[in-house]
Amino acid sequence: MTVGGRVDFSLVRTASRETLSKLLDGIPGNKAIVWEKELAGSFSLVGDFSYLRSHGVTQMFYLSGEHARSPSVPNIHIVFITKPHTESMDAINVYLRGLPEGSRELHLWLVPRSSLLCERRLQEHGVLGRFTAVTELPLLLFVLESDLVSMEMPGAFREWTVEGDPSAVHAAARALMLLQAVYGLIPSVHGKGTNVAALYDIMVELRREMANNEPQVPSLIDQLIILDRGVDLITPLATQLTYEGLIDLCFGIKNSVVKLPESRLAGGAESEDGVGSLMDTQGAALKPVLLSSSDPLYAGLRDANFSAIGPKLAAHAKQITKEFEERHLAKTVVEMKHFVQKLPRIQAAKQSLALHTSIAEALQEEVGTSSFGAALQHEQQLLRGGIDCDKVPPFIEESIGGKAPLNTVLRLICLQSVINNGLKPKLLEHYKRELVQTYGYHELLTLDNLTRAGLLTAQTQKSNYASMRKTLRLIVDDVNELNPKEISYVHSGYAPLSVSLARAVHSHGWRSITELLTVLPGPTLAEAQHVPRHRRQSLPPASLSHAVLSPPC
């Protein structure tokens, strides 16, 4: 299904629900779920508690060690849902110590794949035999919006680059095969990066294993672009200046939910699924708020540059006032009835306006500081090529000397390293020495991990950033942030490299940037998958642009 040339991913949610429902309904009677905490939020994108309750789930708990809560009903069946990590099996063992054996069934569902290592760990603990079944729950994609899906694997980049775990590559291949099972074979596949060839080979092997059982679904997507995160390490280090990007930067968005300080919210904003207040590390009350394009105001704000938010909120307030004043113009019963019918929508719009005005004010407090502005100015000078990356910039020296937040300092040093294709060895050692002396020797592990991830390295060859910047027009001057025509408005001048690559290949294929491809890491992929004529859909073509193989760290 496509809408206006975009893929409508609602069918993915439907498929995920069917998979989950089948497993839940396979266990008779009432059930309690014990979640690995990170998965609970992701599963809320598949179905809320009312959905789970309709399939016999009456209680839910977090898997959180010895003092974790357990079901109050003695014989209720328990389903553990975790990632396939041995640490999770250790937590299950601790949980089971306080759980008396009885007539209840215990089930373990591993997301998104089963693991022999996990079963062995449970066997070592002597608890594997207590489980009726250990099952794979292959939920690979979570729908964030009707045209946006995510694997919700924020640790994948670290797991691959730092820990050497390639599981994310196989999971990504399976996820793309799921998309093709739902939306048909994708005829054109382009990719770039170290892991892209391996991913495509896995996809080919999975198709071969399916043999004659491949779903006969019309093709609704005409192009797939796969980019390894390592191809573009610049963009995740750059500051997002959209409304949604700044909310994520300042407060963090997870599974489409942001937890905001209650003191900053006007009028008691509605929380997600009626969840009560939480507490942050300083003891301040936090309110979970769902951020979704189902809210028309947020849909219009989320991708706008923050400088455009004030005018947009003012225009929305003016429109609400105008609609509310129409009650004075209603003279007849029919006109009054028409206004009353609109009233719930107007009231919802007023609530949304109050919420987003409060959020915008909170963001302004964060981004309006001199420290934020100075860091952003330094970042943009780096992106524009206005700083000598072979020297210590005064701003970085002052920031380390003033013990500025470590994350900010590391982000800017890593950006300098990535843009310059690494730092001169003497400069790199100088940075490491200064950072350790200022922030403590315990940060040596952090610096080592950044090196393993390719974010903080010694230079081995000359930087190619200047040629990339010119060829792909990564920097655009005089960006119209209120009415943008270029993607560079997202960073107030910098056009994300990965988006620019996707745009180039979508328009002309790799041939338009052949020379540039030679300086980007990893092999280049250009493959055609044969789609029989009777399975080609005559709808406006949709392009899945782009699938980033390894998420930002």
# chains A, B, ... in the order shown; residues from 1 in each chain; ligands from 1
$ select_by_dssp --residues "range 93-248 of chain A" --states "helix (DSSP H, G or I)" --output "PyMOL selection string"
chain A and resi 93-97+116-125+128-130+156-161+167-183+196-213+229-231+235-237+243-248
$ residues_around --residues "Glu136 in chain A" --least-positions-apart "3" --cutoff "10 Å" --atoms "only C-alpha atoms" --output "PyMOL selection string"
chain A and resi 23+81+83-84+108-115+133+139
$ residues_around --residues "Val499 in chain A" --least-positions-apart "6" --cutoff "12 Å" --atoms "only C-alpha atoms" --output "number ranges by chain"
A: 225-227, 229, 231-232, 234-235, 472-474, 486-488, 490, 505-506, 545-548
$ select_by_dssp --residues "range 10-134 of chain A" --states "strand (DSSP E)" --output "PyMOL selection string"
chain A and resi 31-35+57-62+77-82+106-110+133-134
$ write_last_selection --atoms "N, CA and C atoms" --output "PDB file, in the first residue's frame"
ATOM      1  N   LYS A  31      -2.183 -14.905  31.537  1.00  0.00           N
ATOM      2  CA  LYS A  31      -0.722 -14.862  31.451  1.00  0.00           C
ATOM      3  C   LYS A  31      -0.192 -13.582  32.079  1.00  0.00           C
ATOM      4  N   ALA A  32       1.012 -13.660  32.603  1.00  0.00           N
ATOM      5  CA  ALA A  32       1.745 -12.475  33.061  1.00  0.00           C
ATOM      6  C   ALA A  32       2.996 -12.356  32.199  1.00  0.00           C
ATOM      7  N   ILE A  33       3.328 -11.130  31.814  1.00  0.00           N
ATOM      8  CA  ILE A  33       4.537 -10.896  31.026  1.00  0.00           C
ATOM      9  C   ILE A  33       5.594 -10.254  31.916  1.00  0.00           C
ATOM     10  N   VAL A  34       6.795 -10.797  31.857  1.00  0.00           N
ATOM     11  CA  VAL A  34       7.947 -10.192  32.528  1.00  0.00           C
ATOM     12  C   VAL A  34       8.876  -9.672  31.436  1.00  0.00           C
ATOM     13  N   TRP A  35       8.946  -8.347  31.334  1.00  0.00           N
ATOM     14  CA  TRP A  35       9.669  -7.707  30.232  1.00  0.00           C
ATOM     15  C   TRP A  35      11.117  -7.394  30.594  1.00  0.00           C
ATOM     16  N   VAL A  57      -3.430 -11.444  28.701  1.00  0.00           N
ATOM     17  CA  VAL A  57      -2.396 -10.891  29.583  1.00  0.00           C
ATOM     18  C   VAL A  57      -3.073 -10.062  30.671  1.00  0.00           C
ATOM     19  N   THR A  58      -2.887 -10.458  31.915  1.00  0.00           N
ATOM     20  CA  THR A  58      -3.544  -9.756  33.024  1.00  0.00           C
ATOM     21  C   THR A  58      -2.572  -8.978  33.905  1.00  0.00           C
ATOM     22  N   GLN A  59      -1.286  -9.319  33.842  1.00  0.00           N
ATOM     23  CA  GLN A  59      -0.290  -8.621  34.660  1.00  0.00           C
ATOM     24  C   GLN A  59       1.003  -8.455  33.872  1.00  0.00           C
ATOM     25  N   MET A  60       1.760  -7.375  34.176  1.00  0.00           N
ATOM     26  CA  MET A  60       3.046  -7.141  33.522  1.00  0.00           C
ATOM     27  C   MET A  60       4.054  -6.642  34.556  1.00  0.00           C
ATOM     28  N   PHE A  61       5.302  -7.108  34.421  1.00  0.00           N
ATOM     29  CA  PHE A  61       6.370  -6.738  35.349  1.00  0.00           C
ATOM     30  C   PHE A  61       7.659  -6.538  34.568  1.00  0.00           C
ATOM     31  N   TYR A  62       8.591  -5.825  35.193  1.00  0.00           N
ATOM     32  CA  TYR A  62       9.916  -5.659  34.602  1.00  0.00           C
ATOM     33  C   TYR A  62      10.871  -6.691  35.184  1.00  0.00           C
ATOM     34  N   HIS A  77       0.350 -18.368  34.214  1.00  0.00           N
ATOM     35  CA  HIS A  77       1.496 -18.667  33.357  1.00  0.00           C
ATOM     36  C   HIS A  77       2.328 -17.399  33.156  1.00  0.00           C
ATOM     37  N   ILE A  78       3.645 -17.557  33.094  1.00  0.00           N
ATOM     38  CA  ILE A  78       4.547 -16.409  32.982  1.00  0.00           C
ATOM     39  C   ILE A  78       5.322 -16.487  31.672  1.00  0.00           C
ATOM     40  N   VAL A  79       5.338 -15.364  30.947  1.00  0.00           N
ATOM     41  CA  VAL A  79       6.094 -15.255  29.702  1.00  0.00           C
ATOM     42  C   VAL A  79       7.206 -14.228  29.910  1.00  0.00           C
ATOM     43  N   PHE A  80       8.448 -14.669  29.788  1.00  0.00           N
ATOM     44  CA  PHE A  80       9.589 -13.749  29.826  1.00  0.00           C
ATOM     45  C   PHE A  80       9.887 -13.305  28.395  1.00  0.00           C
ATOM     46  N   ILE A  81       9.984 -12.005  28.175  1.00  0.00           N
ATOM     47  CA  ILE A  81      10.307 -11.471  26.849  1.00  0.00           C
ATOM     48  C   ILE A  81      11.583 -10.648  26.977  1.00  0.00           C
ATOM     49  N   THR A  82      12.665 -11.144  26.355  1.00  0.00           N
ATOM     50  CA  THR A  82      13.967 -10.485  26.484  1.00  0.00           C
ATOM     51  C   THR A  82      14.710 -10.500  25.152  1.00  0.00           C
ATOM     52  N   LEU A 106       6.174 -21.739  32.426  1.00  0.00           N
ATOM     53  CA  LEU A 106       7.110 -20.650  32.160  1.00  0.00           C
ATOM     54  C   LEU A 106       7.520 -20.710  30.693  1.00  0.00           C
ATOM     55  N   HIS A 107       7.438 -19.573  30.026  1.00  0.00           N
ATOM     56  CA  HIS A 107       7.838 -19.483  28.622  1.00  0.00           C
ATOM     57  C   HIS A 107       8.874 -18.379  28.472  1.00  0.00           C
ATOM     58  N   LEU A 108       9.812 -18.580  27.565  1.00  0.00           N
ATOM     59  CA  LEU A 108      10.810 -17.553  27.264  1.00  0.00           C
ATOM     60  C   LEU A 108      10.754 -17.239  25.779  1.00  0.00           C
ATOM     61  N   TRP A 109      10.496 -15.969  25.455  1.00  0.00           N
ATOM     62  CA  TRP A 109      10.485 -15.510  24.069  1.00  0.00           C
ATOM     63  C   TRP A 109      11.664 -14.574  23.859  1.00  0.00           C
ATOM     64  N   LEU A 110      12.519 -14.923  22.909  1.00  0.00           N
ATOM     65  CA  LEU A 110      13.707 -14.129  22.610  1.00  0.00           C
ATOM     66  C   LEU A 110      13.463 -13.283  21.368  1.00  0.00           C
ATOM     67  N   ALA A 133       8.787 -23.844  27.122  1.00  0.00           N
ATOM     68  CA  ALA A 133       9.312 -23.622  25.773  1.00  0.00           C
ATOM     69  C   ALA A 133      10.175 -22.371  25.752  1.00  0.00           C
ATOM     70  N   VAL A 134      11.226 -22.426  24.930  1.00  0.00           N
ATOM     71  CA  VAL A 134      12.047 -21.247  24.614  1.00  0.00           C
ATOM     72  C   VAL A 134      11.834 -20.973  23.134  1.00  0.00           C
TER      73      VAL A 134
END
$ residues_around --residues "Val143 in chain A" --least-positions-apart "2" --cutoff "12 Å" --atoms "only C-alpha atoms" --output "PyMOL selection string"
chain A and resi 7-17+42-47+139-141+145-152+179+255-256+292
$ residues_around --residues "range 363-374 of chain A" --least-positions-apart "4" --cutoff "12 Å" --atoms "only C-alpha atoms" --output "ChimeraX atom specification"
/A:239-251,260-261,264-265,306-307,309-310,356-359,378-381,394-396,398-399,402,404-405,408-409,412
$ residues_around --residues "Ser352 in chain A" --least-positions-apart "3" --cutoff "9 Å" --atoms "only C-alpha atoms" --output "list of chain:residue names"
A:Ala269, A:Asp295, A:Pro296, A:Leu297, A:Tyr298, A:Gln347, A:Ala348, A:Ala349, A:Leu355, A:His356, A:Thr357
$ write_last_selection --atoms "N, CA and C atoms" --output "PDB file, in the first residue's frame"
ATOM      1  N   ALA A 269      -0.373  17.944  30.719  1.00  0.00           N
ATOM      2  CA  ALA A 269      -0.479  17.290  29.419  1.00  0.00           C
ATOM      3  C   ALA A 269      -0.886  15.835  29.574  1.00  0.00           C
ATOM      4  N   ASP A 295      -1.348  13.972  16.002  1.00  0.00           N
ATOM      5  CA  ASP A 295      -1.620  15.329  16.471  1.00  0.00           C
ATOM      6  C   ASP A 295      -1.283  16.277  15.325  1.00  0.00           C
ATOM      7  N   PRO A 296      -2.286  16.928  14.707  1.00  0.00           N
ATOM      8  CA  PRO A 296      -2.027  17.773  13.532  1.00  0.00           C
ATOM      9  C   PRO A 296      -0.996  18.870  13.787  1.00  0.00           C
ATOM     10  N   LEU A 297      -1.006  19.449  14.994  1.00  0.00           N
ATOM     11  CA  LEU A 297      -0.046  20.513  15.285  1.00  0.00           C
ATOM     12  C   LEU A 297       1.373  19.962  15.297  1.00  0.00           C
ATOM     13  N   TYR A 298       1.580  18.844  15.983  1.00  0.00           N
ATOM     14  CA  TYR A 298       2.924  18.261  16.033  1.00  0.00           C
ATOM     15  C   TYR A 298       3.384  17.827  14.643  1.00  0.00           C
ATOM     16  N   GLN A 347     -10.996  22.122  21.258  1.00  0.00           N
ATOM     17  CA  GLN A 347     -10.450  21.963  22.612  1.00  0.00           C
ATOM     18  C   GLN A 347      -9.170  21.125  22.594  1.00  0.00           C
ATOM     19  N   ALA A 348      -9.161  20.076  21.761  1.00  0.00           N
ATOM     20  CA  ALA A 348      -7.948  19.258  21.633  1.00  0.00           C
ATOM     21  C   ALA A 348      -6.808  20.083  21.046  1.00  0.00           C
ATOM     22  N   ALA A 349      -7.152  20.948  20.083  1.00  0.00           N
ATOM     23  CA  ALA A 349      -6.137  21.811  19.476  1.00  0.00           C
ATOM     24  C   ALA A 349      -5.571  22.794  20.495  1.00  0.00           C
ATOM     25  N   LEU A 355       0.591  22.520  25.214  1.00  0.00           N
ATOM     26  CA  LEU A 355       1.688  21.579  25.409  1.00  0.00           C
ATOM     27  C   LEU A 355       2.923  22.002  24.626  1.00  0.00           C
ATOM     28  N   HIS A 356       2.736  22.273  23.330  1.00  0.00           N
ATOM     29  CA  HIS A 356       3.900  22.556  22.485  1.00  0.00           C
ATOM     30  C   HIS A 356       4.465  23.954  22.725  1.00  0.00           C
ATOM     31  N   THR A 357       3.643  24.854  23.211  1.00  0.00           N
ATOM     32  CA  THR A 357       4.180  26.152  23.635  1.00  0.00           C
ATOM     33  C   THR A 357       5.103  25.959  24.833  1.00  0.00           C
TER      34      THR A 357
END
$ residues_around --residues "Thr194 in chain A" --least-positions-apart "3" --cutoff "12 Å" --atoms "only C-alpha atoms" --output "JSON, numbers by chain"
{"A": [160, 161, 166, 169, 191, 197, 198, 199, 200, 226, 227, 228, 229, 230, 231, 232, 520, 521, 522, 523, 524, 525, 549, 550]}
$ atom_distance --atom1 "CA of Cys389 in chain A" --atom2 "CA of Val479 in chain A"
25.2 Å
$ closest_residue --among "A:Gln180, A:Thr86, A:Ser54, A:Ser417" --to "Leu116 in chain A" --atoms "only C-alpha atoms"
A:Thr86
$ closest_residue --among "A:Ala91, A:Val162, A:Ile320, A:Met336" --to "Gly454 in chain A" --atoms "only C-alpha atoms"
A:Val162
$ decode --residues "range 96-113 of chain A" --atoms "N, CA and C atoms" --output "PDB file, in the first residue's frame"
ATOM      1  N   LEU A  96      14.019 -16.020  39.022  1.00  0.00           N
ATOM      2  CA  LEU A  96      13.398 -17.309  39.325  1.00  0.00           C
ATOM      3  C   LEU A  96      13.721 -17.802  40.730  1.00  0.00           C
ATOM      4  N   ARG A  97      14.786 -17.301  41.330  1.00  0.00           N
ATOM      5  CA  ARG A  97      15.123 -17.713  42.695  1.00  0.00           C
ATOM      6  C   ARG A  97      14.003 -17.392  43.678  1.00  0.00           C
ATOM      7  N   GLY A  98      13.336 -16.262  43.431  1.00  0.00           N
ATOM      8  CA  GLY A  98      12.259 -15.868  44.339  1.00  0.00           C
ATOM      9  C   GLY A  98      10.897 -16.325  43.883  1.00  0.00           C
ATOM     10  N   LEU A  99      10.860 -17.181  42.865  1.00  0.00           N
ATOM     11  CA  LEU A  99       9.582 -17.633  42.313  1.00  0.00           C
ATOM     12  C   LEU A  99       9.406 -19.113  42.625  1.00  0.00           C
ATOM     13  N   PRO A 100       8.471 -19.474  43.494  1.00  0.00           N
ATOM     14  CA  PRO A 100       8.298 -20.888  43.852  1.00  0.00           C
ATOM     15  C   PRO A 100       7.823 -21.712  42.660  1.00  0.00           C
ATOM     16  N   GLU A 101       8.319 -22.935  42.591  1.00  0.00           N
ATOM     17  CA  GLU A 101       7.872 -23.823  41.522  1.00  0.00           C
ATOM     18  C   GLU A 101       6.441 -24.249  41.809  1.00  0.00           C
ATOM     19  N   GLY A 102       5.664 -24.430  40.728  1.00  0.00           N
ATOM     20  CA  GLY A 102       4.268 -24.820  40.889  1.00  0.00           C
ATOM     21  C   GLY A 102       3.723 -25.351  39.581  1.00  0.00           C
ATOM     22  N   SER A 103       2.410 -25.264  39.441  1.00  0.00           N
ATOM     23  CA  SER A 103       1.773 -25.818  38.245  1.00  0.00           C
ATOM     24  C   SER A 103       1.793 -24.846  37.072  1.00  0.00           C
ATOM     25  N   ARG A 104       2.273 -23.636  37.302  1.00  0.00           N
ATOM     26  CA  ARG A 104       2.299 -22.644  36.227  1.00  0.00           C
ATOM     27  C   ARG A 104       3.316 -23.032  35.156  1.00  0.00           C
ATOM     28  N   GLU A 105       3.054 -22.558  33.926  1.00  0.00           N
ATOM     29  CA  GLU A 105       4.006 -22.738  32.836  1.00  0.00           C
ATOM     30  C   GLU A 105       4.901 -21.508  32.734  1.00  0.00           C
ATOM     31  N   LEU A 106       6.174 -21.739  32.426  1.00  0.00           N
ATOM     32  CA  LEU A 106       7.110 -20.650  32.160  1.00  0.00           C
ATOM     33  C   LEU A 106       7.520 -20.710  30.693  1.00  0.00           C
ATOM     34  N   HIS A 107       7.438 -19.573  30.026  1.00  0.00           N
ATOM     35  CA  HIS A 107       7.838 -19.483  28.622  1.00  0.00           C
ATOM     36  C   HIS A 107       8.874 -18.379  28.472  1.00  0.00           C
ATOM     37  N   LEU A 108       9.812 -18.580  27.565  1.00  0.00           N
ATOM     38  CA  LEU A 108      10.810 -17.553  27.264  1.00  0.00           C
ATOM     39  C   LEU A 108      10.754 -17.239  25.779  1.00  0.00           C
ATOM     40  N   TRP A 109      10.496 -15.969  25.455  1.00  0.00           N
ATOM     41  CA  TRP A 109      10.485 -15.510  24.069  1.00  0.00           C
ATOM     42  C   TRP A 109      11.664 -14.574  23.859  1.00  0.00           C
ATOM     43  N   LEU A 110      12.519 -14.923  22.909  1.00  0.00           N
ATOM     44  CA  LEU A 110      13.707 -14.129  22.610  1.00  0.00           C
ATOM     45  C   LEU A 110      13.463 -13.283  21.368  1.00  0.00           C
ATOM     46  N   VAL A 111      13.735 -11.981  21.469  1.00  0.00           N
ATOM     47  CA  VAL A 111      13.460 -11.015  20.402  1.00  0.00           C
ATOM     48  C   VAL A 111      14.776 -10.453  19.867  1.00  0.00           C
ATOM     49  N   PRO A 112      15.032 -10.507  18.538  1.00  0.00           N
ATOM     50  CA  PRO A 112      14.153 -11.042  17.492  1.00  0.00           C
ATOM     51  C   PRO A 112      14.525 -12.458  17.061  1.00  0.00           C
ATOM     52  N   ARG A 113      15.489 -13.103  17.763  1.00  0.00           N
ATOM     53  CA  ARG A 113      15.954 -14.420  17.317  1.00  0.00           C
ATOM     54  C   ARG A 113      16.302 -15.276  18.529  1.00  0.00           C
TER      55      ARG A 113
END
